[in-house]
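Take a look at the structure below.
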Amino acid sequence: MILEAQNLTRRFAAGSYGLAGLNLQLSADAFILISGHNGSGKSLLLRHLVGLEKPDAGRITLDGRPLETCLPELRRRLALVFQEPEHQILGVTVAEDLAYGPRCSRRKPAEYQTDVAAALQACGLGGMEQHLTSALSGGEKRRLALASTLVAKPELLLLDEPFNDLDWQGASDLLHILLKLRRQGTGILIVTHDLEKCLAHADRLLVLDAGRVIRDGTPAELWDELPALGLRRLPGGSEQMPAMTWLKP
Ligand SMILES: Nc1ncnc2c1ncn2[C@@H]1O[C@H](COP(=O)(O)OP(=O)(O)OP(=O)(O)O)[C@@H](O)[C@H]1O
Ligand SMILES: [Mg+2]
């Protein structure tokens with residue numbers, strides 16, 4: 001899968017630009033990180049990539065076809081885990097929440113039960129089917145939001161600040177899940193400020209500023225520049241990179 005944004009531009013009423021001629025190309029065969037200052041356009045970019053918002057200029061293509069001509073296909077192949085998990089938890093119980101997506105796609109329970117069970121298991125929520133979603137902890141809500149996107153078995157998974165509210169164990173559990181998905185062939189794209197929690201695993205890092213991609217390279221290529229770009233890293237050379245992870249052994 002090739003998802004491409006060309007000259008992506010989004011203006012707001014006051015004349016400010018959320019996205020200002022952004023270009024990028026993504027494929028589903030890598031572990032990619034996007035970082036950048038607060039307000040640089042990261043979440044807005046993700047919402048455009050999944051077709052939730054429309055640009056004022058520029059375009060997004062999926063395998064060369066304009067996004068607006070293939071939205072149902074895009075929604076099957078791509079999934080977004082929102083910055084705030086509450087924004088995508090719709091069921092009263094865990095089981096209801098996971099059934100929501102397949103029911104909207106008019107799938108019968110017999111067809112999606114296996115996928116729901118696999119998503120629950122993958123996200124460490126096995127046995128919690130009848131728990132009230134409103135009573136879940138912050139970390140459990142994050143894992144439920146992830147599980148609900150996995151039911152559709154997306155090729156490329158986009159996650160917006162997935163480490164928010166997670167302690168060391170929670171972040172490590174999430175990394176285990178994401179790295180396993182990557183090994184099984186799912187593309188992973190994480191928007192995050194927390195480079196120290198995951199940079200060690202990334203194939204590629206993009207840096208956004210004022211609605212544009214200002215850097216795109218391997219973590220090793222960008223390592224020396226990170227502090228100047230406002231991105232925190234361990235002191236020293238790129239030999240420190242393997243320590244930029246919260247994955248517990
Ligand atoms: N609907 C909207 N109306 C007006 N401004 C908006 C709207 N949506 C986004 N913006 C603005 O666009 C800019 C980019 O927002 P965005 O949420 O993408 O930032 P971000 O990089 O995700 O920041 P953070 O790291 O804080 O999550 C911000 O200045 C935001 O206020
Ligand atoms: Mg954001």
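In the structure tokens, each chain is lettered A, B, ... as it comes, each chain's residues begin at 1, and ligands are numbered from 1 in order of appearance.
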As a tab-separated table (two decimals) with all heavy atoms, in the first residue's frame, please: every protein or nucleic acid residue near ligand 1 (cut-off 10 Å, counting only C-alpha atoms and all ligand atoms).
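And here's result.tsv as it stands now:
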```
chain	number	residue	atom	x	y	z
A	10	ARG	N	-4.43	22.98	4.56
A	10	ARG	CA	-5.68	23.19	5.30
A	10	ARG	C	-5.61	24.54	6.01
A	10	ARG	O	-4.70	24.78	6.80
A	10	ARG	CB	-5.84	22.05	6.32
A	10	ARG	CG	-7.09	22.17	7.15
A	10	ARG	CD	-8.35	21.92	6.31
A	10	ARG	NE	-9.54	22.27	7.06
A	10	ARG	CZ	-10.15	21.43	7.89
A	10	ARG	NH1	-9.72	20.19	8.04
A	10	ARG	NH2	-11.21	21.82	8.56
A	11	ARG	N	-6.55	25.41	5.65
A	11	ARG	CA	-6.61	26.76	6.24
A	11	ARG	C	-7.75	26.81	7.23
A	11	ARG	O	-8.76	26.14	7.05
A	11	ARG	CB	-6.90	27.79	5.14
A	11	ARG	CG	-5.71	28.26	4.37
A	11	ARG	CD	-6.13	29.37	3.41
A	11	ARG	NE	-7.11	28.91	2.42
A	11	ARG	CZ	-6.79	28.35	1.26
A	11	ARG	NH1	-5.53	28.17	0.94
A	11	ARG	NH2	-7.72	27.97	0.41
A	12	PHE	N	-7.60	27.66	8.24
A	12	PHE	CA	-8.71	27.86	9.17
A	12	PHE	C	-9.23	29.28	9.05
A	12	PHE	O	-8.57	30.14	8.45
A	12	PHE	CB	-8.29	27.50	10.59
A	12	PHE	CG	-7.98	26.03	10.72
A	12	PHE	CD1	-6.71	25.60	11.02
A	12	PHE	CD2	-8.98	25.09	10.50
A	12	PHE	CE1	-6.43	24.24	11.10
A	12	PHE	CE2	-8.69	23.73	10.58
A	12	PHE	CZ	-7.42	23.31	10.89
A	13	ALA	N	-10.40	29.50	9.67
A	13	ALA	CA	-11.12	30.75	9.44
A	13	ALA	C	-10.26	31.98	9.71
A	13	ALA	O	-10.29	32.94	8.94
A	13	ALA	CB	-12.37	30.78	10.31
A	14	ALA	N	-9.47	31.94	10.77
A	14	ALA	CA	-8.69	33.12	11.12
A	14	ALA	C	-7.52	33.35	10.17
A	14	ALA	O	-6.72	34.26	10.37
A	14	ALA	CB	-8.18	32.98	12.55
A	15	GLY	N	-7.39	32.50	9.13
A	15	GLY	CA	-6.31	32.68	8.16
A	15	GLY	C	-5.06	31.89	8.51
A	15	GLY	O	-4.06	31.95	7.79
A	16	SER	N	-5.14	31.11	9.61
A	16	SER	CA	-3.96	30.31	9.96
A	16	SER	C	-3.97	29.01	9.16
A	16	SER	O	-5.02	28.56	8.68
A	16	SER	CB	-3.96	30.01	11.45
A	16	SER	OG	-5.08	29.21	11.76
A	17	TYR	N	-2.80	28.41	9.03
A	17	TYR	CA	-2.67	27.17	8.29
A	17	TYR	C	-2.40	26.01	9.26
A	17	TYR	O	-1.44	26.05	10.02
A	17	TYR	CB	-1.51	27.24	7.29
A	17	TYR	CG	-1.85	28.02	6.06
A	17	TYR	CD1	-1.81	29.41	6.05
A	17	TYR	CD2	-2.25	27.36	4.89
A	17	TYR	CE1	-2.15	30.13	4.92
A	17	TYR	CE2	-2.59	28.07	3.76
A	17	TYR	CZ	-2.54	29.46	3.77
A	17	TYR	OH	-2.88	30.16	2.66
A	18	GLY	N	-3.25	24.98	9.20
A	18	GLY	CA	-2.99	23.77	9.98
A	18	GLY	C	-2.05	22.86	9.22
A	18	GLY	O	-1.18	22.22	9.79
A	19	LEU	N	-2.25	22.79	7.90
A	19	LEU	CA	-1.35	22.05	7.02
A	19	LEU	C	-0.98	23.02	5.89
A	19	LEU	O	-1.84	23.69	5.34
A	19	LEU	CB	-2.03	20.80	6.44
A	19	LEU	CG	-2.46	19.75	7.48
A	19	LEU	CD1	-3.32	18.66	6.84
A	19	LEU	CD2	-1.24	19.12	8.15
A	34	ILE	N	6.24	9.86	13.56
A	34	ILE	CA	6.10	11.27	13.20
A	34	ILE	C	6.15	12.07	14.50
A	34	ILE	O	5.43	11.75	15.46
A	34	ILE	CB	4.77	11.57	12.47
A	34	ILE	CG1	4.75	10.82	11.13
A	34	ILE	CG2	4.59	13.07	12.25
A	34	ILE	CD1	3.53	11.14	10.26
A	35	SER	N	7.02	13.08	14.56
A	35	SER	CA	7.09	13.91	15.75
A	35	SER	C	7.08	15.37	15.33
A	35	SER	O	7.03	15.69	14.14
A	35	SER	CB	8.33	13.54	16.57
A	35	SER	OG	8.18	13.99	17.89
A	36	GLY	N	7.15	16.26	16.30
A	36	GLY	CA	7.10	17.70	16.01
A	36	GLY	C	6.42	18.42	17.16
A	36	GLY	O	5.75	17.79	17.99
A	37	HIS	N	6.58	19.75	17.19
A	37	HIS	CA	6.03	20.55	18.29
A	37	HIS	C	4.52	20.40	18.43
A	37	HIS	O	3.84	20.04	17.48
A	37	HIS	CB	6.29	22.05	18.02
A	37	HIS	CG	7.74	22.40	18.01
A	37	HIS	ND1	8.54	22.31	19.12
A	37	HIS	CD2	8.53	22.87	17.01
A	37	HIS	CE1	9.76	22.69	18.80
A	37	HIS	NE2	9.79	23.03	17.53
A	38	ASN	N	4.01	20.79	19.62
A	38	ASN	CA	2.55	20.91	19.80
A	38	ASN	C	2.03	21.85	18.72
A	38	ASN	O	2.61	22.90	18.47
A	38	ASN	CB	2.22	21.51	21.17
A	38	ASN	CG	2.56	20.60	22.33
A	38	ASN	OD1	3.20	21.01	23.28
A	38	ASN	ND2	2.14	19.36	22.26
A	39	GLY	N	0.94	21.46	18.08
A	39	GLY	CA	0.32	22.33	17.09
A	39	GLY	C	0.97	22.31	15.73
A	39	GLY	O	0.61	23.10	14.85
A	40	SER	N	1.92	21.39	15.49
A	40	SER	CA	2.60	21.38	14.19
A	40	SER	C	1.77	20.70	13.09
A	40	SER	O	2.15	20.72	11.92
A	40	SER	CB	3.98	20.71	14.31
A	40	SER	OG	3.87	19.42	14.86
A	41	GLY	N	0.64	20.09	13.48
A	41	GLY	CA	-0.26	19.54	12.46
A	41	GLY	C	-0.33	18.02	12.43
A	41	GLY	O	-0.92	17.45	11.51
A	42	LYS	N	0.21	17.36	13.45
A	42	LYS	CA	0.31	15.90	13.40
A	42	LYS	C	-1.07	15.22	13.43
A	42	LYS	O	-1.37	14.37	12.59
A	42	LYS	CB	1.17	15.39	14.58
A	42	LYS	CG	2.56	16.03	14.62
A	42	LYS	CD	3.39	15.55	15.78
A	42	LYS	CE	2.82	15.83	17.15
A	42	LYS	NZ	2.75	17.29	17.49
A	43	SER	N	-1.89	15.61	14.42
A	43	SER	CA	-3.21	14.98	14.52
A	43	SER	C	-4.08	15.34	13.32
A	43	SER	O	-4.82	14.50	12.78
A	43	SER	CB	-3.92	15.41	15.81
A	43	SER	OG	-3.18	15.02	16.94
A	44	LEU	N	-3.97	16.59	12.90
A	44	LEU	CA	-4.73	17.05	11.73
A	44	LEU	C	-4.33	16.24	10.49
A	44	LEU	O	-5.20	15.82	9.70
A	44	LEU	CB	-4.41	18.54	11.52
A	44	LEU	CG	-5.27	19.33	10.57
A	44	LEU	CD1	-6.72	19.33	11.00
A	44	LEU	CD2	-4.74	20.78	10.49
A	45	LEU	N	-3.05	15.98	10.33
A	45	LEU	CA	-2.58	15.17	9.20
A	45	LEU	C	-3.21	13.79	9.25
A	45	LEU	O	-3.73	13.30	8.24
A	45	LEU	CB	-1.04	15.06	9.26
A	45	LEU	CG	-0.43	14.02	8.32
A	45	LEU	CD1	-0.68	14.39	6.86
A	45	LEU	CD2	1.07	13.86	8.58
A	46	LEU	N	-3.20	13.16	10.43
A	46	LEU	CA	-3.76	11.81	10.54
A	46	LEU	C	-5.24	11.81	10.16
A	46	LEU	O	-5.71	10.92	9.46
A	46	LEU	CB	-3.59	11.25	11.96
A	46	LEU	CG	-2.16	10.97	12.41
A	46	LEU	CD1	-2.16	10.31	13.80
A	46	LEU	CD2	-1.42	10.07	11.43
A	47	ARG	N	-5.98	12.83	10.62
A	47	ARG	CA	-7.42	12.86	10.30
A	47	ARG	C	-7.63	13.03	8.80
A	47	ARG	O	-8.59	12.49	8.24
A	47	ARG	CB	-8.12	13.99	11.08
A	47	ARG	CG	-8.20	13.71	12.59
A	47	ARG	CD	-9.25	14.56	13.27
A	47	ARG	NE	-9.00	15.98	13.18
A	47	ARG	CZ	-8.21	16.67	14.01
A	47	ARG	NH1	-7.60	16.06	15.01
A	47	ARG	NH2	-8.03	17.98	13.85
A	48	HIS	N	-6.73	13.76	8.13
A	48	HIS	CA	-6.84	13.87	6.66
A	48	HIS	C	-6.49	12.54	5.99
A	48	HIS	O	-7.13	12.14	5.02
A	48	HIS	CB	-5.92	14.98	6.13
A	48	HIS	CG	-6.51	16.35	6.29
A	48	HIS	ND1	-6.54	17.00	7.51
A	48	HIS	CD2	-7.09	17.19	5.40
A	48	HIS	CE1	-7.13	18.18	7.35
A	48	HIS	NE2	-7.48	18.32	6.08
A	53	GLU	N	-11.23	14.43	7.44
A	53	GLU	CA	-11.27	15.86	7.13
A	53	GLU	C	-10.77	16.06	5.70
A	53	GLU	O	-9.99	15.24	5.19
A	53	GLU	CB	-10.38	16.65	8.11
A	53	GLU	CG	-10.86	16.53	9.53
A	53	GLU	CD	-10.47	17.71	10.40
A	53	GLU	OE1	-10.39	18.85	9.90
A	53	GLU	OE2	-10.22	17.47	11.59
A	83	GLN	N	-5.91	10.21	19.54
A	83	GLN	CA	-5.12	10.71	20.66
A	83	GLN	C	-5.88	10.50	21.98
A	83	GLN	O	-5.29	10.16	22.99
A	83	GLN	CB	-4.82	12.20	20.42
A	83	GLN	CG	-3.88	12.83	21.43
A	83	GLN	CD	-3.22	14.13	20.91
A	83	GLN	OE1	-3.40	14.52	19.78
A	83	GLN	NE2	-2.44	14.77	21.75
A	160	ASP	N	-2.12	7.94	17.36
A	160	ASP	CA	-1.84	9.33	17.73
A	160	ASP	C	-1.50	9.39	19.21
A	160	ASP	O	-2.38	9.15	20.05
A	160	ASP	CB	-3.08	10.18	17.42
A	160	ASP	CG	-2.74	11.66	17.37
A	160	ASP	OD1	-1.59	12.02	17.69
A	160	ASP	OD2	-3.64	12.45	17.00
A	161	GLU	N	-0.26	9.67	19.55
A	161	GLU	CA	0.22	9.76	20.93
A	161	GLU	C	-0.22	8.56	21.77
A	161	GLU	O	-0.85	8.72	22.82
A	161	GLU	CB	-0.26	11.06	21.60
A	161	GLU	CG	0.17	12.32	20.91
A	161	GLU	CD	1.67	12.61	21.06
A	161	GLU	OE1	2.37	11.88	21.78
A	161	GLU	OE2	2.13	13.57	20.42
A	191	VAL	N	2.43	8.71	15.86
A	191	VAL	CA	2.69	10.13	16.11
A	191	VAL	C	3.00	10.26	17.59
A	191	VAL	O	2.21	9.82	18.43
A	191	VAL	CB	1.44	10.97	15.75
A	191	VAL	CG1	1.49	12.32	16.43
A	191	VAL	CG2	1.33	11.13	14.24
A	192	THR	N	4.16	10.81	17.92
A	192	THR	CA	4.52	10.87	19.34
A	192	THR	C	5.58	11.91	19.65
A	192	THR	O	6.42	12.24	18.82
A	192	THR	CB	5.04	9.49	19.83
A	192	THR	OG1	5.28	9.55	21.23
A	192	THR	CG2	6.32	9.07	19.13
A	193	HIS	N	5.51	12.44	20.89
A	193	HIS	CA	6.59	13.27	21.44
A	193	HIS	C	7.59	12.39	22.18
A	193	HIS	O	8.66	12.85	22.53
A	193	HIS	CB	6.03	14.27	22.46
A	193	HIS	CG	5.08	15.24	21.87
A	193	HIS	ND1	5.49	16.27	21.08
A	193	HIS	CD2	3.74	15.34	21.96
A	193	HIS	CE1	4.44	16.96	20.70
A	193	HIS	NE2	3.37	16.42	21.21
A	208	LEU	N	7.49	17.15	11.75
A	208	LEU	CA	6.60	18.19	11.23
A	208	LEU	C	6.87	19.52	11.89
A	208	LEU	O	7.20	19.58	13.09
A	208	LEU	CB	5.14	17.81	11.50
A	208	LEU	CG	4.34	17.23	10.33
A	208	LEU	CD1	4.99	15.96	9.85
A	208	LEU	CD2	2.90	16.97	10.74
A	209	ASP	N	6.71	20.59	11.15
A	209	ASP	CA	6.77	21.93	11.73
A	209	ASP	C	5.84	22.82	10.90
A	209	ASP	O	5.92	22.80	9.66
A	209	ASP	CB	8.21	22.48	11.68
A	209	ASP	CG	8.32	23.82	12.39
A	209	ASP	OD1	7.77	23.96	13.49
A	209	ASP	OD2	8.93	24.74	11.81
A	210	ALA	N	4.96	23.55	11.58
A	210	ALA	CA	4.04	24.48	10.93
A	210	ALA	C	3.35	23.86	9.71
A	210	ALA	O	3.24	24.48	8.65
A	210	ALA	CB	4.79	25.75	10.53
A	211	GLY	N	2.88	22.61	9.88
A	211	GLY	CA	2.09	21.99	8.83
A	211	GLY	C	2.86	21.48	7.63
A	211	GLY	O	2.27	21.25	6.56
```
Residues near segment 102-105 of chain A, cut-off 8 Å, only C-alpha atoms, skip fewer than 5 positions along chain, as a CSV table (one decimal) with C-alpha atoms, in the first residue's frame:
```csv
chain,number,residue,atom,x,y,z
A,112,TYR,CA,-16.4,-11.6,13.4
A,151,VAL,CA,-10.9,-6.3,14.6
A,152,ALA,CA,-10.8,-5.1,10.9
```
Hey, what does DSSP flag as strand (DSSP E) within segment 12-191 of chain A? Can you give it to me as a VMD selection string?
chain A and resid 17 to 27 31 to 36 57 to 62 65 to 66 78 to 81 156 to 160 187 to 191
Among segment 13-63 of chain A, which ones does DSSP assign to alpha helix (DSSP H) (computed from the backbone)? Answer as a PDB file with N, CA, C and O atoms, in the first residue's frame.
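Contents of out09.pdb, as written:
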```
ATOM      1  N   LYS A  42       0.212  17.359  13.448  1.00  0.00           N
ATOM      2  CA  LYS A  42       0.307  15.896  13.400  1.00  0.00           C
ATOM      3  C   LYS A  42      -1.073  15.223  13.433  1.00  0.00           C
ATOM      4  O   LYS A  42      -1.372  14.372  12.594  1.00  0.00           O
ATOM      5  N   SER A  43      -1.892  15.615  14.416  1.00  0.00           N
ATOM      6  CA  SER A  43      -3.214  14.977  14.520  1.00  0.00           C
ATOM      7  C   SER A  43      -4.081  15.345  13.316  1.00  0.00           C
ATOM      8  O   SER A  43      -4.818  14.504  12.781  1.00  0.00           O
ATOM      9  N   LEU A  44      -3.968  16.589  12.899  1.00  0.00           N
ATOM     10  CA  LEU A  44      -4.729  17.050  11.726  1.00  0.00           C
ATOM     11  C   LEU A  44      -4.333  16.237  10.489  1.00  0.00           C
ATOM     12  O   LEU A  44      -5.198  15.822   9.701  1.00  0.00           O
ATOM     13  N   LEU A  45      -3.051  15.982  10.332  1.00  0.00           N
ATOM     14  CA  LEU A  45      -2.579  15.174   9.204  1.00  0.00           C
ATOM     15  C   LEU A  45      -3.212  13.787   9.250  1.00  0.00           C
ATOM     16  O   LEU A  45      -3.727  13.297   8.239  1.00  0.00           O
ATOM     17  N   LEU A  46      -3.199  13.163  10.435  1.00  0.00           N
ATOM     18  CA  LEU A  46      -3.764  11.806  10.540  1.00  0.00           C
ATOM     19  C   LEU A  46      -5.244  11.811  10.157  1.00  0.00           C
ATOM     20  O   LEU A  46      -5.711  10.919   9.456  1.00  0.00           O
ATOM     21  N   ARG A  47      -5.982  12.833  10.621  1.00  0.00           N
ATOM     22  CA  ARG A  47      -7.421  12.861  10.301  1.00  0.00           C
ATOM     23  C   ARG A  47      -7.631  13.032   8.796  1.00  0.00           C
ATOM     24  O   ARG A  47      -8.588  12.491   8.238  1.00  0.00           O
ATOM     25  N   HIS A  48      -6.731  13.757   8.126  1.00  0.00           N
ATOM     26  CA  HIS A  48      -6.839  13.867   6.662  1.00  0.00           C
ATOM     27  C   HIS A  48      -6.490  12.538   5.990  1.00  0.00           C
ATOM     28  O   HIS A  48      -7.130  12.144   5.018  1.00  0.00           O
ATOM     29  N   LEU A  49      -5.468  11.851   6.522  1.00  0.00           N
ATOM     30  CA  LEU A  49      -5.028  10.596   5.886  1.00  0.00           C
ATOM     31  C   LEU A  49      -6.105   9.518   5.923  1.00  0.00           C
ATOM     32  O   LEU A  49      -6.148   8.651   5.056  1.00  0.00           O
TER      33      LEU A  49
END
```
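Between Leu24 of chain A and the candidates A:Leu189, A:Leu8, A:Met241, A:Ala119, the tightest atom-to-atom separation, counting only C-alpha atoms, involves A:Leu8.
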Using only C-alpha atoms and all ligand atoms: which of A:Ile190, A:Leu175, A:Val94, A:Ala110 has the shortest distance to ligand 2
A:Ile190
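When only C-alpha atoms and all ligand atoms are used to measure the gap to ligand 2, the shortest distance among A:Thr69, A:Ser27, A:Thr218, A:Asn164 belongs to A:Asn164.
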Have a look at A:Leu222, A:Leu159, A:Leu150, A:Ala99 and name the one nearest to ligand 2; count only C-alpha atoms and all ligand atoms.
A:Leu159
If we count only C-alpha atoms and set the cut-off at 12 Å, which residues sit around Leu178 of chain A, ignoring sequence neighbours fewer than 3 positions away in its own chain? Please answer as a ChimeraX atom specification.
/A:30-32,122-123,143,146-147,150,156-159,162-163,171-175,181-190,198,201-202,247
So the first atom is atom CA of Gly58 of chain A and the second is atom CA of Thr9 of chain A; what is the distance between them in Å, to one decimal place?
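Interatomic distance here is 6.0 Å.
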Looking at only C-alpha atoms and all ligand atoms, which of A:Glu221, A:Glu84, A:Glu73, A:Asp63 is the one that sits closest to ligand 2?
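Of the candidates, the smallest distance to ligand 2 is held by A:Glu84.
Take atom CA of Thr61 of chain A and atom CA of Ala5 of chain A: the distance between them is 6.6 Å.
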Could you check which of A:Arg232, A:Leu33, A:Phe82, A:Arg77 is closest to ligand 2, using only C-alpha atoms and all ligand atoms?
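Once distances to ligand 2 are computed over only C-alpha atoms and all ligand atoms, the minimum belongs to A:Phe82.
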Need to verify the contact set: Lys141 of chain A, 12 Å, only C-alpha atoms, exclusion of same-chain residues closer than 2 positions in sequence. Can you return it as a ChimeraX atom specification?
/A:81-91,93-94,97,123-125,128,131-139,143-148,162-166,170
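With atom CA of Ile60 of chain A on one side and atom CA of Asp194 of chain A on the other, the separation reads 27.2 Å.
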